[in-house]
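Visitor: Pasting run_31.pdb here (PDB, C-alpha atoms):
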ATOM      1  CA  MET A   1      14.803  19.591 -13.977
ATOM      2  CA  HIS A   2      14.659  15.796 -14.365
ATOM      3  CA  PHE A   3      15.080  16.098 -18.131
ATOM      4  CA  VAL A   4      18.212  18.242 -17.619
ATOM      5  CA  PHE A   5      19.584  15.588 -15.259
ATOM      6  CA  ILE A   6      18.846  12.823 -17.757
ATOM      7  CA  SER A   7      20.473  14.811 -20.569
ATOM      8  CA  GLY A   8      23.635  15.014 -18.450
ATOM      9  CA  LEU A   9      23.405  11.322 -17.697
ATOM     10  CA  LEU A  10      23.168  10.501 -21.400
ATOM     11  CA  GLU A  11      26.283  12.570 -22.077
ATOM     12  CA  ILE A  12      28.151  10.545 -19.436
ATOM     13  CA  LEU A  13      26.921   7.300 -21.013
ATOM     14  CA  SER A  14      27.740   8.351 -24.593
ATOM     15  CA  PRO A  15      31.369   6.966 -24.616
ATOM     16  CA  CYS A  16      29.968   3.463 -23.949
ATOM     17  CA  LEU A  17      29.760   0.823 -26.639
ATOM     18  CA  PRO A  18      26.642   1.259 -28.780
ATOM     19  CA  SER A  19      24.991  -1.892 -27.439
ATOM     20  CA  THR A  20      25.693  -0.901 -23.829
ATOM     21  CA  LEU A  21      24.531   2.640 -24.511
ATOM     22  CA  ALA A  22      21.295   1.396 -26.061
ATOM     23  CA  THR A  23      20.592  -0.815 -23.070
ATOM     24  CA  ASN A  24      21.234   2.014 -20.608
ATOM     25  CA  VAL A  25      19.238   4.563 -22.603
ATOM     26  CA  LYS A  26      16.294   2.185 -22.850
ATOM     27  CA  ALA A  27      16.399   1.638 -19.071
ATOM     28  CA  VAL A  28      16.489   5.387 -18.399
ATOM     29  CA  PHE A  29      13.661   6.002 -20.860
ATOM     30  CA  THR A  30      11.507   3.275 -19.301
ATOM     31  CA  CYS A  31      12.041   4.853 -15.883
ATOM     32  CA  LEU A  32      11.085   8.207 -17.375
ATOM     33  CA  LEU A  33       7.824   6.801 -18.726
ATOM     34  CA  ASP A  34       6.904   5.214 -15.401
ATOM     35  CA  GLN A  35       7.729   8.256 -13.279
ATOM     36  CA  TYR A  36       6.307  11.003 -15.464
ATOM     37  CA  ILE A  37       3.270   9.347 -16.967
ATOM     38  CA  THR A  38       1.953   6.201 -15.297
ATOM     39  CA  ASP A  39       2.695   6.644 -11.590
ATOM     40  CA  GLY A  40       0.961  10.011 -11.170
ATOM     41  CA  LEU A  41      -2.293   8.751 -12.645
ATOM     42  CA  GLU A  42      -2.232   5.595 -10.547
ATOM     43  CA  ARG A  43      -1.689   7.554  -7.328
ATOM     44  CA  ALA A  44      -4.532   9.931  -8.181
ATOM     45  CA  ARG A  45      -6.817   7.016  -9.048
ATOM     46  CA  GLU A  46      -6.050   5.421  -5.701
ATOM     47  CA  SER A  47      -7.272   8.570  -3.939
ATOM     48  CA  LEU A  48     -10.556   8.228  -5.844
ATOM     49  CA  ASN A  49     -10.873   4.649  -4.587
ATOM     50  CA  GLU A  50     -10.188   5.777  -1.018
ATOM     51  CA  ALA A  51     -12.884   8.460  -1.300
ATOM     52  CA  ALA A  52     -15.333   5.867  -2.636
ATOM     53  CA  ALA A  53     -14.556   3.589   0.307
ATOM     54  CA  LEU A  54     -15.187   6.483   2.699
ATOM     55  CA  ARG A  55     -18.592   7.094   1.108
ATOM     56  CA  GLU A  56     -19.478   3.397   1.393
ATOM     57  CA  ARG A  57     -18.646   3.496   5.106
ATOM     58  CA  PHE A  58     -20.763   6.628   5.453
ATOM     59  CA  MET A  59     -23.734   5.018   3.701
ATOM     60  CA  LEU A  60     -23.454   1.963   5.930
ATOM     61  CA  SER A  61     -23.292   4.083   9.088
ATOM     62  CA  THR A  62     -26.340   6.046   7.897
ATOM     63  CA  ILE A  63     -28.348   2.858   7.575
ATOM     64  CA  VAL A  64     -27.209   1.555  10.940
ATOM     65  CA  SER A  65     -27.668   4.799  12.886
ATOM     66  CA  ARG A  66     -30.124   6.894  10.898
ATOM     67  CA  ARG A  67     -31.333   8.674  14.031
ATOM     68  CA  VAL A  68     -27.965  10.159  14.793
ATOM     69  CA  ALA A  69     -28.527  13.184  12.578
ATOM     70  CA  ALA A  70     -25.479  15.187  13.604
ATOM     71  CA  ALA A  71     -23.085  12.291  13.053
ATOM     72  CA  ALA A  72     -24.696  11.489   9.704
ATOM     73  CA  ALA A  73     -24.412  15.105   8.547
ATOM     74  CA  SER A  74     -20.767  15.233   9.553
ATOM     75  CA  ALA A  75     -20.042  11.956   7.765
ATOM     76  CA  ALA A  76     -21.853  13.206   4.658
ATOM     77  CA  GLU A  77     -19.725  16.358   4.584
ATOM     78  CA  ALA A  78     -16.536  14.337   5.015
ATOM     79  CA  ALA A  79     -17.499  11.938   2.220
ATOM     80  CA  ALA A  80     -18.426  14.790  -0.112
ATOM     81  CA  ALA A  81     -15.198  16.689   0.650
ATOM     82  CA  ALA A  82     -13.071  13.582   0.078
ATOM     83  CA  GLY A  83     -14.821  12.854  -3.201
ATOM     84  CA  GLU A  84     -14.454  16.420  -4.452
ATOM     85  CA  SER A  85     -10.799  16.603  -3.427
ATOM     86  CA  SER A  86      -9.945  13.291  -5.103
ATOM     87  CA  PHE A  87     -11.815  14.381  -8.245
ATOM     88  CA  ARG A  88      -9.791  17.587  -8.484
ATOM     89  CA  SER A  89      -6.533  15.725  -7.805
ATOM     90  CA  PHE A  90      -7.232  13.247 -10.576
ATOM     91  CA  MET A  91      -8.039  16.000 -13.054
ATOM     92  CA  VAL A  92      -4.769  17.734 -12.179
ATOM     93  CA  ALA A  93      -2.977  14.412 -12.706
ATOM     94  CA  VAL A  94      -4.646  13.991 -16.107
ATOM     95  CA  GLN A  95      -3.595  17.485 -17.140
ATOM     96  CA  ARG A  96      -0.008  16.925 -16.014
ATOM     97  CA  CYS A  97       0.032  13.541 -17.695
ATOM     98  CA  ALA A  98      -1.032  15.028 -21.026
ATOM     99  CA  SER A  99       1.722  17.608 -20.755
ATOM    100  CA  SER A 100       4.292  14.957 -19.781
ATOM    101  CA  VAL A 101       3.305  12.724 -22.691
ATOM    102  CA  ALA A 102       3.993  15.550 -25.136
ATOM    103  CA  ILE A 103       7.349  16.317 -23.488
ATOM    104  CA  VAL A 104       8.448  12.679 -23.388
ATOM    105  CA  GLN A 105       7.486  12.104 -27.023
ATOM    106  CA  GLN A 106       9.404  15.196 -28.083
ATOM    107  CA  TYR A 107      12.386  14.216 -25.936
ATOM    108  CA  PHE A 108      12.383  10.747 -27.456
ATOM    109  CA  ALA A 109      12.350  12.147 -30.987
ATOM    110  CA  ASN A 110      14.999  14.805 -30.342
ATOM    111  CA  SER A 111      17.451  13.111 -27.979
ATOM    112  CA  ILE A 112      16.898   9.408 -27.516
ATOM    113  CA  SER A 113      16.190   8.173 -31.036
ATOM    114  CA  ARG A 114      19.643   9.132 -32.346
ATOM    115  CA  LEU A 115      21.292   7.090 -29.585
ATOM    116  CA  LEU A 116      19.207   4.007 -30.289
ATOM    117  CA  LEU A 117      19.184   3.954 -34.089
ATOM    118  CA  PRO A 118      22.792   2.634 -34.491
ATOM    119  CA  VAL A 119      21.926  -0.519 -32.538
ATOM    120  CA  ASP A 120      19.896  -3.097 -34.399
ATOM    121  CA  GLY A 121      16.397  -3.408 -32.906
ATOM    122  CA  ALA A 122      16.946  -0.954 -30.025
ATOM    123  CA  HIS A 123      14.905   1.880 -31.517
ATOM    124  CA  ALA A 124      11.995  -0.390 -32.446
ATOM    125  CA  ALA A 125      12.022  -1.943 -28.975
ATOM    126  CA  SER A 126      11.863   1.474 -27.308
ATOM    127  CA  CYS A 127       9.051   2.594 -29.627
ATOM    128  CA  GLU A 128       7.151  -0.497 -28.581
ATOM    129  CA  GLU A 129       7.915   0.274 -24.954
ATOM    130  CA  MET A 130       6.526   3.773 -25.373
ATOM    131  CA  ALA A 131       3.400   2.479 -27.141
ATOM    132  CA  THR A 132       2.813   0.055 -24.262
ATOM    133  CA  ALA A 133       3.230   2.862 -21.747
ATOM    134  CA  MET A 134       0.793   5.073 -23.669
ATOM    135  CA  SER A 135      -1.740   2.238 -23.700
ATOM    136  CA  SER A 136      -1.344   1.850 -19.929
ATOM    137  CA  VAL A 137      -1.850   5.583 -19.499
ATOM    138  CA  GLU A 138      -5.030   5.537 -21.585
ATOM    139  CA  THR A 139      -6.385   2.611 -19.560
ATOM    140  CA  ALA A 140      -5.568   4.278 -16.241
ATOM    141  CA  ALA A 141      -7.089   7.566 -17.405
ATOM    142  CA  TYR A 142     -10.267   5.855 -18.623
ATOM    143  CA  LYS A 143     -10.722   3.950 -15.356
ATOM    144  CA  GLY A 144     -10.053   7.082 -13.364
ATOM    145  CA  LEU A 145     -12.527   9.165 -15.365
ATOM    146  CA  GLN A 146     -15.188   6.485 -14.892
ATOM    147  CA  LYS A 147     -14.498   6.601 -11.154
ATOM    148  CA  CYS A 148     -14.821  10.406 -11.291
ATOM    149  CA  ILE A 149     -18.294  10.017 -12.783
ATOM    150  CA  GLU A 150     -19.194   7.451 -10.117
ATOM    151  CA  THR A 151     -17.952   9.875  -7.456
ATOM    152  CA  MET A 152     -20.108  12.715  -8.759
ATOM    153  CA  MET A 153     -23.189  10.537  -9.204
ATOM    154  CA  ALA A 154     -22.823   9.175  -5.660
ATOM    155  CA  GLU A 155     -23.009  12.742  -4.354
ATOM    156  CA  VAL A 156     -25.937  13.524  -6.678
ATOM    157  CA  ASP A 157     -27.798  10.470  -5.361
ATOM    158  CA  TRP A 158     -27.119  11.538  -1.795
ATOM    159  CA  LEU A 159     -28.334  15.087  -2.408
ATOM    160  CA  LEU A 160     -31.506  13.766  -4.040
ATOM    161  CA  SER A 161     -32.245  11.463  -1.116
ATOM    162  CA  ALA A 162     -31.438  14.123   1.477
ATOM    163  CA  GLU A 163     -33.010  17.205  -0.114
ATOM    164  CA  GLN A 164     -35.934  16.041  -2.291
ATOM    165  CA  LYS A 165     -39.256  16.093  -0.403
ATOM    166  CA  ALA A 166     -42.532  14.439  -1.380
ATOM    167  CA  THR A 167     -44.255  17.823  -1.187
ATOM    168  CA  ASP A 168     -41.894  19.237  -3.846
ATOM    169  CA  TYR A 169     -43.959  17.536  -6.534
ATOM    170  CA  CYS A 170     -47.315  17.006  -4.900
ATOM    171  CA  LEU A 171     -48.097  20.437  -3.536
ATOM    172  CA  PRO A 172     -51.107  20.802  -1.237
ATOM    173  CA  ASP A 173     -54.106  22.601  -2.723
ATOM    174  CA  ASP A 174     -54.275  25.254   0.006
ATOM    175  CA  GLY A 175     -54.852  28.325  -2.143
ATOM    176  CA  ILE A 176     -51.246  29.503  -1.855
ATOM    177  CA  ALA A 177     -49.557  30.354  -5.145
ATOM    178  CA  PRO A 178     -47.258  27.500  -6.236
ATOM    179  CA  ASP A 179     -43.504  27.930  -5.980
ATOM    180  CA  HIS A 180     -42.044  28.060  -9.486
ATOM    181  CA  ARG A 181     -38.424  28.105  -8.370
ATOM    182  CA  PRO A 182     -36.249  24.995  -8.793
ATOM    183  CA  THR A 183     -36.415  22.631  -5.838
ATOM    184  CA  THR A 184     -33.645  22.718  -3.236
ATOM    185  CA  ALA A 185     -32.348  19.347  -4.433
ATOM    186  CA  CYS A 186     -32.046  20.615  -8.001
ATOM    187  CA  THR A 187     -30.338  23.857  -6.961
ATOM    188  CA  ARG A 188     -27.796  22.073  -4.787
ATOM    189  CA  ILE A 189     -26.990  19.446  -7.429
ATOM    190  CA  VAL A 190     -26.435  22.003 -10.185
ATOM    191  CA  ALA A 191     -24.249  24.080  -7.849
ATOM    192  CA  TYR A 192     -22.229  21.001  -6.842
ATOM    193  CA  LEU A 193     -21.671  19.771 -10.395
ATOM    194  CA  SER A 194     -20.829  23.260 -11.662
ATOM    195  CA  ARG A 195     -18.223  23.682  -8.933
ATOM    196  CA  VAL A 196     -16.605  20.273  -9.354
ATOM    197  CA  LEU A 197     -16.596  20.268 -13.151
ATOM    198  CA  GLU A 198     -14.481  23.416 -13.310
ATOM    199  CA  ALA A 199     -11.468  21.113 -12.911
ATOM    200  CA  ALA A 200     -12.652  18.833 -15.732
ATOM    201  CA  PHE A 201     -13.228  21.712 -18.142
ATOM    202  CA  THR A 202      -9.656  22.845 -17.474
ATOM    203  CA  ALA A 203      -7.956  19.440 -17.582
ATOM    204  CA  LEU A 204      -9.720  17.616 -20.428
ATOM    205  CA  GLU A 205      -9.543  18.384 -24.114
ATOM    206  CA  GLY A 206     -10.965  17.187 -27.414
ATOM    207  CA  LEU A 207     -12.552  13.756 -27.645
ATOM    208  CA  ASN A 208     -11.663  12.859 -24.046
ATOM    209  CA  LYS A 209     -13.608  15.859 -22.773
ATOM    210  CA  GLN A 210     -16.545  15.153 -25.083
ATOM    211  CA  ALA A 211     -16.749  11.492 -24.096
ATOM    212  CA  PHE A 212     -16.484  12.281 -20.373
ATOM    213  CA  LEU A 213     -19.198  14.948 -20.396
ATOM    214  CA  THR A 214     -21.511  12.878 -22.596
ATOM    215  CA  GLU A 215     -21.248   9.899 -20.251
ATOM    216  CA  LEU A 216     -21.822  12.131 -17.228
ATOM    217  CA  GLY A 217     -24.871  13.669 -18.913
ATOM    218  CA  ASN A 218     -26.284  10.223 -19.697
ATOM    219  CA  GLN A 219     -25.722   9.048 -16.130
ATOM    220  CA  LEU A 220     -27.353  12.188 -14.731
ATOM    221  CA  HIS A 221     -30.379  11.694 -16.988
ATOM    222  CA  LYS A 222     -30.706   8.049 -15.966
ATOM    223  CA  GLY A 223     -30.319   8.853 -12.264
ATOM    224  CA  LEU A 224     -32.937  11.612 -12.339
ATOM    225  CA  LEU A 225     -35.391   9.481 -14.307
ATOM    226  CA  ASN A 226     -35.122   6.682 -11.739
ATOM    227  CA  HIS A 227     -35.336   9.155  -8.861
ATOM    228  CA  TRP A 228     -38.517  10.853 -10.045
ATOM    229  CA  GLN A 229     -40.308   7.540 -10.363
ATOM    230  CA  LYS A 230     -40.364   7.367  -6.549
ATOM    231  CA  PHE A 231     -42.771  10.341  -6.295
ATOM    232  CA  THR A 232     -46.402  11.216  -6.874
ATOM    233  CA  PHE A 233     -47.250  14.341  -8.897
ATOM    234  CA  ASN A 234     -50.209  16.687  -9.084
ATOM    235  CA  PRO A 235     -50.502  19.499 -11.690
ATOM    236  CA  SER A 236     -48.683  22.059  -9.522
ATOM    237  CA  GLY A 237     -45.967  19.519  -8.808
ATOM    238  CA  GLY A 238     -45.697  18.824 -12.528
ATOM    239  CA  LEU A 239     -44.962  22.501 -13.133
ATOM    240  CA  ARG A 240     -42.304  22.375 -10.431
ATOM    241  CA  LEU A 241     -40.782  19.301 -12.075
ATOM    242  CA  LYS A 242     -40.647  21.096 -15.424
ATOM    243  CA  ARG A 243     -38.819  23.935 -13.694
ATOM    244  CA  ASP A 244     -36.260  21.452 -12.349
ATOM    245  CA  ILE A 245     -35.861  19.823 -15.755
ATOM    246  CA  THR A 246     -35.307  23.248 -17.332
ATOM    247  CA  GLU A 247     -32.600  23.971 -14.759
ATOM    248  CA  TYR A 248     -30.857  20.658 -15.363
ATOM    249  CA  GLY A 249     -31.219  21.087 -19.144
ATOM    250  CA  GLU A 250     -29.646  24.545 -19.099
ATOM    251  CA  PHE A 251     -26.762  23.171 -17.058
ATOM    252  CA  VAL A 252     -25.974  20.210 -19.348
ATOM    253  CA  ARG A 253     -26.006  22.463 -22.413
ATOM    254  CA  SER A 254     -22.538  23.540 -21.318
ATOM    255  CA  PHE A 255     -21.440  19.957 -22.128
ATOM    256  CA  ASN A 256     -21.965  20.564 -25.874
ATOM    257  CA  ALA A 257     -23.392  17.043 -26.144
ATOM    258  CA  PRO A 258     -26.400  17.045 -28.511
ATOM    259  CA  THR A 259     -27.583  13.570 -27.496
ATOM    260  CA  VAL A 260     -27.706  14.660 -23.846
ATOM    261  CA  ASP A 261     -29.549  17.876 -24.737
ATOM    262  CA  GLU A 262     -32.155  15.838 -26.600
ATOM    263  CA  LYS A 263     -32.720  13.550 -23.623
ATOM    264  CA  PHE A 264     -33.427  16.467 -21.299
ATOM    265  CA  GLU A 265     -35.685  18.110 -23.874
ATOM    266  CA  LEU A 266     -37.720  14.885 -24.026
ATOM    267  CA  LEU A 267     -37.891  14.842 -20.227
ATOM    268  CA  GLY A 268     -39.489  18.276 -20.373
ATOM    269  CA  ILE A 269     -42.089  16.958 -22.816
ATOM    270  CA  MET A 270     -42.807  13.931 -20.635
ATOM    271  CA  ALA A 271     -43.376  16.128 -17.594
ATOM    272  CA  ASN A 272     -46.482  17.448 -19.349
ATOM    273  CA  VAL A 273     -48.284  14.218 -18.398
ATOM    274  CA  PHE A 274     -48.674  15.641 -14.891
ATOM    275  CA  ILE A 275     -50.094  18.959 -16.061
ATOM    276  CA  VAL A 276     -52.674  18.240 -18.757
ATOM    277  CA  ALA A 277     -56.208  16.992 -18.166
ATOM    278  CA  PRO A 278     -56.730  13.205 -18.469
ATOM    279  CA  GLU A 279     -58.589  13.518 -21.758
ATOM    280  CA  SER A 280     -55.579  15.278 -23.352
ATOM    281  CA  LEU A 281     -53.046  12.544 -22.551
ATOM    282  CA  SER A 282     -53.715  10.479 -25.669
ATOM    283  CA  SER A 283     -52.605  13.238 -28.038
ATOM    284  CA  LEU A 284     -49.660  14.420 -25.969
ATOM    285  CA  PHE A 285     -47.006  12.278 -27.667
ATOM    286  CA  GLU A 286     -48.258  12.067 -31.236
ATOM    287  CA  GLY A 287     -45.117  13.799 -32.472
ATOM    288  CA  THR A 288     -42.720  11.865 -30.220
ATOM    289  CA  PRO A 289     -43.807   8.203 -30.158
ATOM    290  CA  SER A 290     -40.301   7.106 -29.139
ATOM    291  CA  ILE A 291     -40.866   8.247 -25.537
ATOM    292  CA  ARG A 292     -44.361   6.825 -25.173
ATOM    293  CA  LYS A 293     -43.180   3.879 -23.038
ATOM    294  CA  ASP A 294     -41.360   6.148 -20.566
ATOM    295  CA  ALA A 295     -44.341   8.518 -20.617
ATOM    296  CA  GLN A 296     -46.700   5.714 -19.627
ATOM    297  CA  ARG A 297     -44.534   5.007 -16.574
ATOM    298  CA  PHE A 298     -44.723   8.694 -15.703
ATOM    299  CA  ILE A 299     -48.499   8.762 -16.100
ATOM    300  CA  GLN A 300     -48.781   6.107 -13.402
ATOM    301  CA  LEU A 301     -47.251   8.649 -10.990
ATOM    302  CA  ARG A 302     -50.152  11.094 -11.372
ATOM    303  CA  ASP A 303     -52.044  11.578  -8.135
ATOM    304  CA  ASP A 304     -55.326  10.925 -10.013
ATOM    305  CA  TYR A 305     -54.101   7.813 -11.838
ATOM    306  CA  LYS A 306     -56.496   5.504  -9.989
ATOM    307  CA  THR A 307     -59.398   7.880  -9.412
ATOM    308  CA  ALA A 308     -59.487   8.949 -13.068
ATOM    309  CA  LYS A 309     -59.182   5.288 -14.157
ATOM    310  CA  LEU A 310     -56.332   6.192 -16.470
ATOM    311  CA  ALA A 311     -55.043   2.623 -16.809
ATOM    312  CA  SER A 312     -58.123   1.413 -18.678
ATOM    313  CA  LYS A 313     -58.405   4.590 -20.734
ATOM    314  CA  LEU A 314     -54.784   4.455 -21.898
ATOM    315  CA  SER A 315     -54.829   0.720 -22.645
ATOM    316  CA  SER A 316     -57.629   1.296 -25.138
ATOM    317  CA  LEU A 317     -55.866   4.298 -26.681
ATOM    318  CA  TRP A 318     -52.366   2.742 -26.849
ATOM    319  CA  PRO A 319     -53.034  -0.976 -27.189
ATOM    320  CA  SER A 320     -49.677  -1.810 -28.737
ATOM    321  CA  SER A 321     -47.554  -0.218 -25.970
TER     322      SER A 321
END
The structure given in the file should be rewritten as structure tokens.
Guide:
Amino acid sequence: MHFVFISGLLEILSPCLPSTLATNVKAVFTCLLDQYITDGLERARESLNEAAALRERFMLSTIVSRRVAAAAASAAEAAAAAGESSFRSFMVAVQRCASSVAIVQQYFANSISRLLLPVDGAHAASCEEMATAMSSVETAAYKGLQKCIETMMAEVDWLLSAEQKATDYCLPDDGIAPDHRPTTACTRIVAYLSRVLEAAFTALEGLNKQAFLTELGNQLHKGLLNHWQKFTFNPSGGLRLKRDITEYGEFVRSFNAPTVDEKFELLGIMANVFIVAPESLSSLFEGTPSIRKDAQRFIQLRDDYKTAKLASKLSSLWPSS
């Protein structure tokens, strides 16, 4: 509708002198760029910032009043809902922006260029104006997508802290068959990310989509690696960890990001340090020396690390690490 209005406006302006017409057309076109492309992204990005501020207030209130479980749960739900809503809104804005960019570029080529070409320098100036606007759009989109990743990872971190229990990975030896299902934390995180990312899969295309999902996959890998280093593992817990890693790995395969797939495959190999007997550790990474340093940090999380005197054994086997 706005393009129809502007077409009518240009017809009204057409009897003007060429220089006056060029000035007016350039002003209308600049307004068009701001309204259809830049403003929508900026408004959506602001909602992401507001959701992040809400989560920060929630985290602070949790620290101050940890005992108030009901209030904390309510605040957590509000923060999660705000983050998810702002994420979806930004993805819609990105999708609309991409569509608007195509329309504006076509409109410029078909309708505006012919009005600017007769005036010396007017067409070049408007092309420069459009290039500047496109650069601003790309910057706003990049910042917003980074904030989207931060929003998702903040919720992942919260779910890990709220749902992951010490007994998930250090199961008591009580004769009961171990639980080989994914842990509750893993199940909830995969469900959350799957639900939220539906909007991203719809809105993003090509290299933008690939870059976004790859960065998210890398951040998820880093966050999980840091998280697991807070726990102690026995062999049964190691099997449970491998089940979680398999679940996460199957999920990120939908990203079509080979580097991310490789990282989760290596995590699955590293989890073997909790399962094998101490005497088998030295040969565990002969085919993958690149992860030996991370594996050594994992080995220190074994529940028998001190009793089996693994530190001295491994230092003699891997002296250069």
Visitor: Using the chain letters and numbers from the file, give me the residues hit by the PyMOL selection byres ((chain A and resi 164) around 12), as a list of chain:residue names.
Guide: A:Val156, A:Asp157, A:Trp158, A:Leu159, A:Leu160, A:Ser161, A:Ala162, A:Glu163, A:Lys165, A:Ala166, A:Thr167, A:Asp168, A:Tyr169, A:Cys170, A:Pro182, A:Thr183, A:Thr184, A:Ala185, A:Cys186, A:Thr187, A:Arg188, A:Ile189, A:Leu224, A:His227, A:Trp228, A:Lys230, A:Phe231, A:Leu241, A:Asp244
Visitor: Give as a list in words every residue, naming chains and numbers as the document does, that has an atom within 9 Å of (-41.1, 14.2, -16.6), counting all atoms listed in the file.
Guide: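 Every polymer residue passing the test: Leu225, Trp228, Gly238, Leu241, Lys242, Ile245, Leu266, Leu267, Gly268, Ile269, Met270, Ala271, Asn272, Val273, Phe274, Asp294, Ala295 and Phe298 of chain A.
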Visitor: Which polymer residues have any atom within 7 Å of an atom of segment 248-251 of chain A, counting all atoms listed in the file, with same-chain residues fewer than 2 positions away left out, as a ChimeraX atom specification?
Guide: /A:190,244-246,253-254,261,264
Visitor: Between A:Ala82, A:Ser135, A:Ala52, A:Glu150, which one has atoms that come closest to Gly223 of chain A, using only C-alpha atoms?
Guide: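 Result for the nearest residue to Gly223 of chain A: A:Glu150.
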Visitor: What does the distance from atom CA of Arg96 of chain A to atom CA of Asn110 of chain A come to in Å, to one decimal?
Guide: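 Atom CA of Arg96 of chain A sits 20.9 Å away from atom CA of Asn110 of chain A.
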Visitor: If I take atom CA of Glu42 of chain A and atom CA of Ala140 of chain A, how far is one from the other in Å, to one decimal?
Guide: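 Separation of atom CA of Glu42 of chain A and atom CA of Ala140 of chain A: 6.7 Å.
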Visitor: Pick out the residues sitting within 12 Å of Pro258 of chain A, and hand them over as a compact mmCIF listing (two decimals) with C-alpha atoms, in the frame of the given file; count only C-alpha atoms, and ignore anything fewer than 5 positions along from it in its own chain.
Guide:
# COMPACT_ATOMS: atom_id res chain seq x y z
CA GLN A 210 -16.55 15.15 -25.08
CA ALA A 211 -16.75 11.49 -24.10
CA LEU A 213 -19.20 14.95 -20.40
CA THR A 214 -21.51 12.88 -22.60
CA GLY A 217 -24.87 13.67 -18.91
CA ASN A 218 -26.28 10.22 -19.70
CA GLY A 249 -31.22 21.09 -19.14
CA VAL A 252 -25.97 20.21 -19.35
CA ARG A 253 -26.01 22.46 -22.41
CA LYS A 263 -32.72 13.55 -23.62
CA PHE A 264 -33.43 16.47 -21.30
CA GLU A 265 -35.68 18.11 -23.87
Visitor: Under the rule that all atoms listed in the file are counted, which of A:Leu193, A:Ile149, A:Val92, A:Leu204 is the nearest residue to Leu216 of chain A?
Guide: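 Closest residue, counting all atoms listed in the file: A:Ile149.
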Visitor: One decimal, Å: what's the distance from atom CA of Ala93 of chain A over to atom CA of Gly144 of chain A, could you say?
Guide: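 One can read the atom CA of Ala93 of chain A to atom CA of Gly144 of chain A distance as 10.2 Å.
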Visitor: Running the PyMOL selection byres ((chain A and resi 143) around 12) on this model by hand, what would come out? Give it as a PyMOL selection string.
Guide: chain A and resi 41-42+44-46+48-49+90+94+136-142+144-150+212
Visitor: Mind listing whatever residues come within 7 Å of the point (-9.7, 15.5, -17.1)? Use only C-alpha atoms, file coordinates, and give them as an MDAnalysis selection string.
Guide: chainID A and resid 91 94:95 200 203:204 209
Visitor: Using only C-alpha atoms, pick whichever of A:Ser315, A:Ser47, A:Asn256, A:Gln106 has the shortest atom-to-atom distance to Phe201 of chain A.
Guide: A:Asn256
Visitor: Have a look at A:Leu115, A:Val101, A:Ala199, A:Met152 and name the one nearest to Ala81 of chain A; count all atoms listed in the file.
Guide: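 Smallest separation from Ala81 of chain A among the options: A:Met152.
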Visitor: Pick out the closest residue to Glu262 of chain A from this set: A:His221, A:Arg243, A:Arg195, A:Arg302. Count only C-alpha atoms.
Guide: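 For Glu262 of chain A, the nearest of the candidates is A:His221.
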Visitor: Give the answer as one residue: which of A:Ile291, A:Ala277, A:Ala257, A:Ile103 has the shortest atom-to-atom distance to Leu310 of chain A, using only C-alpha atoms?
Guide: A:Ala277
